[in-house]
Amino acid sequence: MASSDSSNNISTEKYRSYLNEEDDVKNIKWRYGAPPNYDVVNKLFEEGRTKIWSAGSVEEKVQNLVKTWEMEMFHKVNFDEYKTVDPLKYRFSLNGRKALSLEEKRKLGGGGYNSLLQTSLPEKFRCFNPAEETVDSSHLAFTTAFPRGFALEIIQVYSGPPVIVYKFRHWGFMEGPFKGHSPTGEMVEFFGMAIFEVDENSKVVKVEFFYDRGELLGGLVKGAALSDDVVTMSKDVSSSCPFLSSNTG
């Protein structure tokens with residue numbers, strides 16, 4: 001999740017497929033108008049990761065697959081332009097909930113935070129309420145809170161394809177406000193498990209995530225409550241940024 005500038009220039013992307021060749025990006029409908037640039041979050045990843053996987057290892061391949069999958073889910077608008085998944089067969093579920101198709105997932109706010117932060121909590125207890133957020137408003141909330149991004153690493157792979165089971169870590173530094181709470185400057189991190197099932201064409205057809213969303217959100221509401229004027233000002237400054245680009249992975 002790095003709130004970094006997007007560019008029409010093709011640059012070297014080390015951890016995600018389909019961003020390094022002109023054919024991969026020139027005809028794609030990107031959510032924010034241009035292919036995402038991951039330089040900022042890659043720097044955070046390289047400085048903070050706990051594992052360095054050898055080139056060609058199953059761990060490296062899984063890590064790159066997950067980062068590429070996140071990129072496509074966040075930034076590509078048209079389902080038929082996804083290259084990591086089979087759009088017709090793909091299903092997603094969180095913490096054992098009903099599996100969702102891409103279209104059903106879109107109704108929850110797309111491939112971003114809304115589908116990943118589903119909750120059964122009564123609305124009065126939700127510090128982040130997916131039911132009230134759009135894909136853009138939720139993306140803005142997290143890019144503002146994590147201006148250096150929200151990095152991802154795979155810390156263990158338990159089985160390889162066709163059923164990939166892995167443990168992951170997500171982390172970032174809360175250096176911006178979040179939902180009326182002042183920044184703490186502290187690292188916010190959480191761990192989880194996931195299952196990716198791929199078909200005979202190596203396309204992802206099923207994704208299941210298991211984690212406690214409170215481990216993420218708890219770290220974002222520790223700061224003191226901001227006044228209404230400060231909250232409004234921070235929203236105005238954030239929304240004036242011309243690029244809500246890449247901040248995940």
# chains A, B, ... in the order shown; residues from 1 in each chain; ligands from 1

$ select_by_dssp --residues "stretch 5-185 of chain A" --states "helix (DSSP H, G or I)" --output "ChimeraX atom specification"
/A:22-25,39-48,58-75,79-81,102-107,113-116,123-125,130-132,135-145

$ closest_atom_pairs --of "stretch 132-178 of chain A" --to "stretch 64-75 of chain A" --cutoff "10 Å" --atoms "only C-alpha atoms" --output "tab-separated table"
residue	atom	partner	partner_atom	distance
A:Val135	CA	A:Phe74	CA	8.9
A:His139	CA	A:Phe74	CA	8.9
A:Ala151	CA	A:Lys67	CA	9.6
A:Leu152	CA	A:Lys67	CA	7.6
A:Glu153	CA	A:Lys67	CA	8.8
A:Ile154	CA	A:Val66	CA	8.8
A:Phe168	CA	A:Val66	CA	9.9

$ closest_atom_pairs --of "stretch 63-151 of chain A" --to "stretch 180-203 of chain A" --cutoff "7 Å" --atoms "only C-alpha atoms" --output "JSON lines"
{"residue": "A:Thr84", "atom": "CA", "partner": "A:Lys203", "partner_atom": "CA", "distance": 5.5}
{"residue": "A:Val85", "atom": "CA", "partner": "A:Lys203", "partner_atom": "CA", "distance": 4.6}
{"residue": "A:Asp86", "atom": "CA", "partner": "A:Lys203", "partner_atom": "CA", "distance": 5.6}

$ residues_around --residues "A:Lys98" --least-positions-apart "3" --cutoff "12 Å" --atoms "only C-alpha atoms" --output "PyMOL selection string"
chain A and resi 91-95+101+104-105+115+118+207-209

$ write_last_selection --atoms "C-alpha atoms" --output "CSV table (one decimal), in the first residue's frame"
chain,number,residue,atom,x,y,z
A,91,ARG,CA,-14.2,-17.5,-5.7
A,92,PHE,CA,-13.1,-15.5,-2.6
A,93,SER,CA,-14.0,-16.0,1.0
A,94,LEU,CA,-12.9,-14.5,4.3
A,95,ASN,CA,-12.8,-16.4,7.6
A,101,SER,CA,-17.6,-14.4,-7.3
A,104,GLU,CA,-20.3,-10.3,-5.8
A,105,LYS,CA,-17.0,-9.1,-4.5
A,115,SER,CA,-14.0,-7.4,1.0
A,118,GLN,CA,-15.9,-7.9,6.3
A,207,VAL,CA,-8.9,-17.9,-2.4
A,208,GLU,CA,-9.5,-18.2,1.3
A,209,PHE,CA,-8.1,-15.9,3.9

$ closest_residue --among "A:Asn78, A:Gln63, A:Ser54, A:Asn129" --to "A:Ala141" --atoms "only C-alpha atoms"
A:Asn129

$ closest_residue --among "A:Leu116, A:Val40, A:Ile28, A:Ala55" --to "A:Arg148" --atoms "only C-alpha atoms"
A:Val40

$ closest_residue --among "A:Arg213, A:Lys107, A:Asp24, A:Val62" --to "A:Ser120" --atoms "only C-alpha atoms"
A:Arg213

$ closest_residue --among "A:Glu46, A:Leu88, A:Lys76, A:Leu140" --to "A:Ala34" --atoms "only C-alpha atoms"
A:Lys76

$ atom_distance --atom1 "atom CA of A:Val204" --atom2 "atom CA of A:Asn114"
20.5 Å

$ residues_around --residues "A:Gly172" --least-positions-apart "2" --cutoff "12 Å" --atoms "only C-alpha atoms" --output "ChimeraX atom specification"
/A:1-3,40-45,47-49,142-153,169-170,174-176,184-190,216,219-220,247-249
